[in-house]
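A quick write-up on the structure given underneath.
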Amino acid sequence: MSENGGAPEGKRPDVDPELTEMTELGQSDPFQAERERLEAEVAAMKDKFLRAFAEAENIRRRAEKEVTDAKTYGIASFARDVLNVADDLSRALGAVEAEAKEKAEGAFKSLLDGLELTERGLHKALEKHGIRKLEPKGERFDPNHHQAMFEIPDETVPAGTVLQVVQSGYVIGDRVLRPAMVGVSRGGPKVARETTPEGEVGNG
């Protein structure tokens, strides 16, 4: 023992293990809590960033689609008016009988040639702007692109076949600008509805 009556020299006084553990826990708890708080803040900020990024991406895509649609469909109203001119040209040329066209001479022939040239140029201009003419004669009736005006009894073709086109239809992009007005067959064999590879039922 030492002169002061303490513990023998070279020997540490006995320490309660439970007291030591409580002391260590007391010192580490604040650091652990701070670490958990910071981790939670980082996770919350990361979540907010990802949400904001996703929203910005959605806004960008919507804006791109609106710009694309504006370019594609912005001329729809104007195009409908132009179609009236195309119809007038077609009717004017259709009013001339085939025999008269073949025998046309001089100024009359020049007039017919000019009208046909104008009609072809008009359709090329429409196609240049994504406007396509529908020629559904012989095709299966499609209510999305055709408007049935009357039925034609005919047992030699499948029911629902377009046999006559009263007025041509037009589409712009993937939208119908004007449905084709048609006469549809009835009385013939019905065509079975086809199944697409995805299992969806579609028109044959």
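By convention in this document, the chains of the structure tokens carry letters A, B, ... by their order, each chain's residues are numbered from 1, and ligands are numbered from 1 in the order they are shown.
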Quick one: contact table of range 91-199 of chain A to range 53-70 of chain A, 12 Å max, nearest atom pair and distance in Å to one decimal per residue, counting only C-alpha atoms, chain and number order, as a Markdown table?
```
| residue | atom | partner | partner_atom | distance |
| --- | --- | --- | --- | --- |
| A:Gly130 | CA | A:Asp69 | CA | 11.8 |
| A:Ile172 | CA | A:Asp69 | CA | 10.6 |
| A:Gly173 | CA | A:Asp69 | CA | 9.1 |
| A:Asp174 | CA | A:Asp69 | CA | 10.6 |
| A:Arg175 | CA | A:Asp69 | CA | 10.7 |
```
Write a file of the selected residues as a CSV table (one decimal), in the first residue's frame, keeping N, CA and C atoms.
```csv
chain,number,residue,atom,x,y,z
A,130,GLY,N,-47.7,17.2,-93.9
A,130,GLY,CA,-48.2,16.0,-93.1
A,130,GLY,C,-49.7,15.7,-93.3
A,172,ILE,N,-54.1,14.4,-90.7
A,172,ILE,CA,-53.0,15.2,-90.5
A,172,ILE,C,-52.2,14.6,-89.3
A,173,GLY,N,-51.0,14.1,-89.6
A,173,GLY,CA,-50.3,13.4,-88.5
A,173,GLY,C,-51.0,12.1,-88.3
A,174,ASP,N,-51.4,11.9,-87.0
A,174,ASP,CA,-52.2,10.7,-86.7
A,174,ASP,C,-53.6,11.0,-86.3
A,175,ARG,N,-54.1,12.2,-86.7
A,175,ARG,CA,-55.4,12.7,-86.4
A,175,ARG,C,-56.2,12.8,-87.7
```
Worksheet entry | Test item: residues at most 8 Å from Gly138 in chain A, only C-alpha atoms, excluding those fewer than 2 positions along its chain, as a list of chain:residue names | A:Pro136, A:Arg140, A:Thr161, A:Val162, A:Leu163
Item to complete: Provide the CA of Asn144 in chain A to CA of Val171 in chain A distance in Å, to one decimal place.
Response: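 Distance reported for this atom pair: 10.7 Å.
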Item to complete: For Leu112 in chain A, work out the shell of residues within 10 Å, counting only C-alpha atoms and skipping chain neighbours fewer than 4 positions away, then give it as a ChimeraX atom specification.
Response: /A:92-93,96,101,104-105,107-108,116-118
Item to complete: Identify, with DSSP run on backbone atoms, the residues in range 16-204 of chain A assigned to strand (DSSP E or B), and express the list as an MDAnalysis selection string.
Response: chainID A and resid 131:134 140 146:153 161:167 169:172 175:178 180:186 194:195 201:202
Those same residues - C-alpha atoms - I'd like them written as a tab-separated table (two decimals), in the first residue's frame.
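Okay, this is what ended up in selection05.tsv:
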```
chain	number	residue	atom	x	y	z
A	131	ILE	CA	-51.69	16.02	-94.63
A	132	ARG	CA	-52.47	12.74	-96.31
A	133	LYS	CA	-55.44	11.84	-98.50
A	134	LEU	CA	-57.51	8.76	-97.63
A	140	ARG	CA	-62.72	-2.54	-94.69
A	146	HIS	CA	-64.70	6.75	-92.55
A	147	GLN	CA	-68.26	8.04	-92.38
A	148	ALA	CA	-70.84	5.67	-93.85
A	149	MET	CA	-73.40	7.55	-95.97
A	150	PHE	CA	-75.32	4.57	-97.35
A	151	GLU	CA	-75.18	0.81	-97.84
A	152	ILE	CA	-74.78	-1.03	-101.12
A	153	PRO	CA	-76.19	-4.59	-101.42
A	161	THR	CA	-66.29	-3.18	-97.47
A	162	VAL	CA	-66.01	0.37	-98.81
A	163	LEU	CA	-67.38	0.22	-102.36
A	164	GLN	CA	-67.79	3.90	-103.14
A	165	VAL	CA	-66.09	7.08	-101.96
A	166	VAL	CA	-68.39	10.09	-102.07
A	167	GLN	CA	-65.85	12.49	-100.62
A	169	GLY	CA	-60.97	11.94	-96.33
A	170	TYR	CA	-57.75	13.41	-94.97
A	171	VAL	CA	-55.55	12.88	-91.94
A	172	ILE	CA	-52.96	15.20	-90.46
A	175	ARG	CA	-55.42	12.67	-86.41
A	176	VAL	CA	-58.39	12.67	-88.73
A	177	LEU	CA	-58.76	16.02	-90.42
A	178	ARG	CA	-61.87	14.94	-92.27
A	180	ALA	CA	-63.97	9.93	-95.88
A	181	MET	CA	-67.66	9.77	-96.80
A	182	VAL	CA	-68.29	6.32	-98.18
A	183	GLY	CA	-70.82	3.74	-99.32
A	184	VAL	CA	-70.44	0.39	-97.56
A	185	SER	CA	-71.39	-3.10	-98.75
A	186	ARG	CA	-73.92	-5.30	-97.00
A	194	GLU	CA	-58.54	-10.53	-86.05
A	195	THR	CA	-56.51	-10.82	-82.87
A	201	VAL	CA	-59.02	-7.63	-80.83
A	202	GLY	CA	-58.82	-5.42	-83.90
```
Response to the item:
Expressed in Å, the length from CA of Ala98 in chain A to CA of Lys124 in chain A is 24.1 Å
Item to complete: For CA of Lys137 in chain A and CA of Pro189 in chain A, quote the distance in Å rounded to one decimal.
Response: 17.8 Å
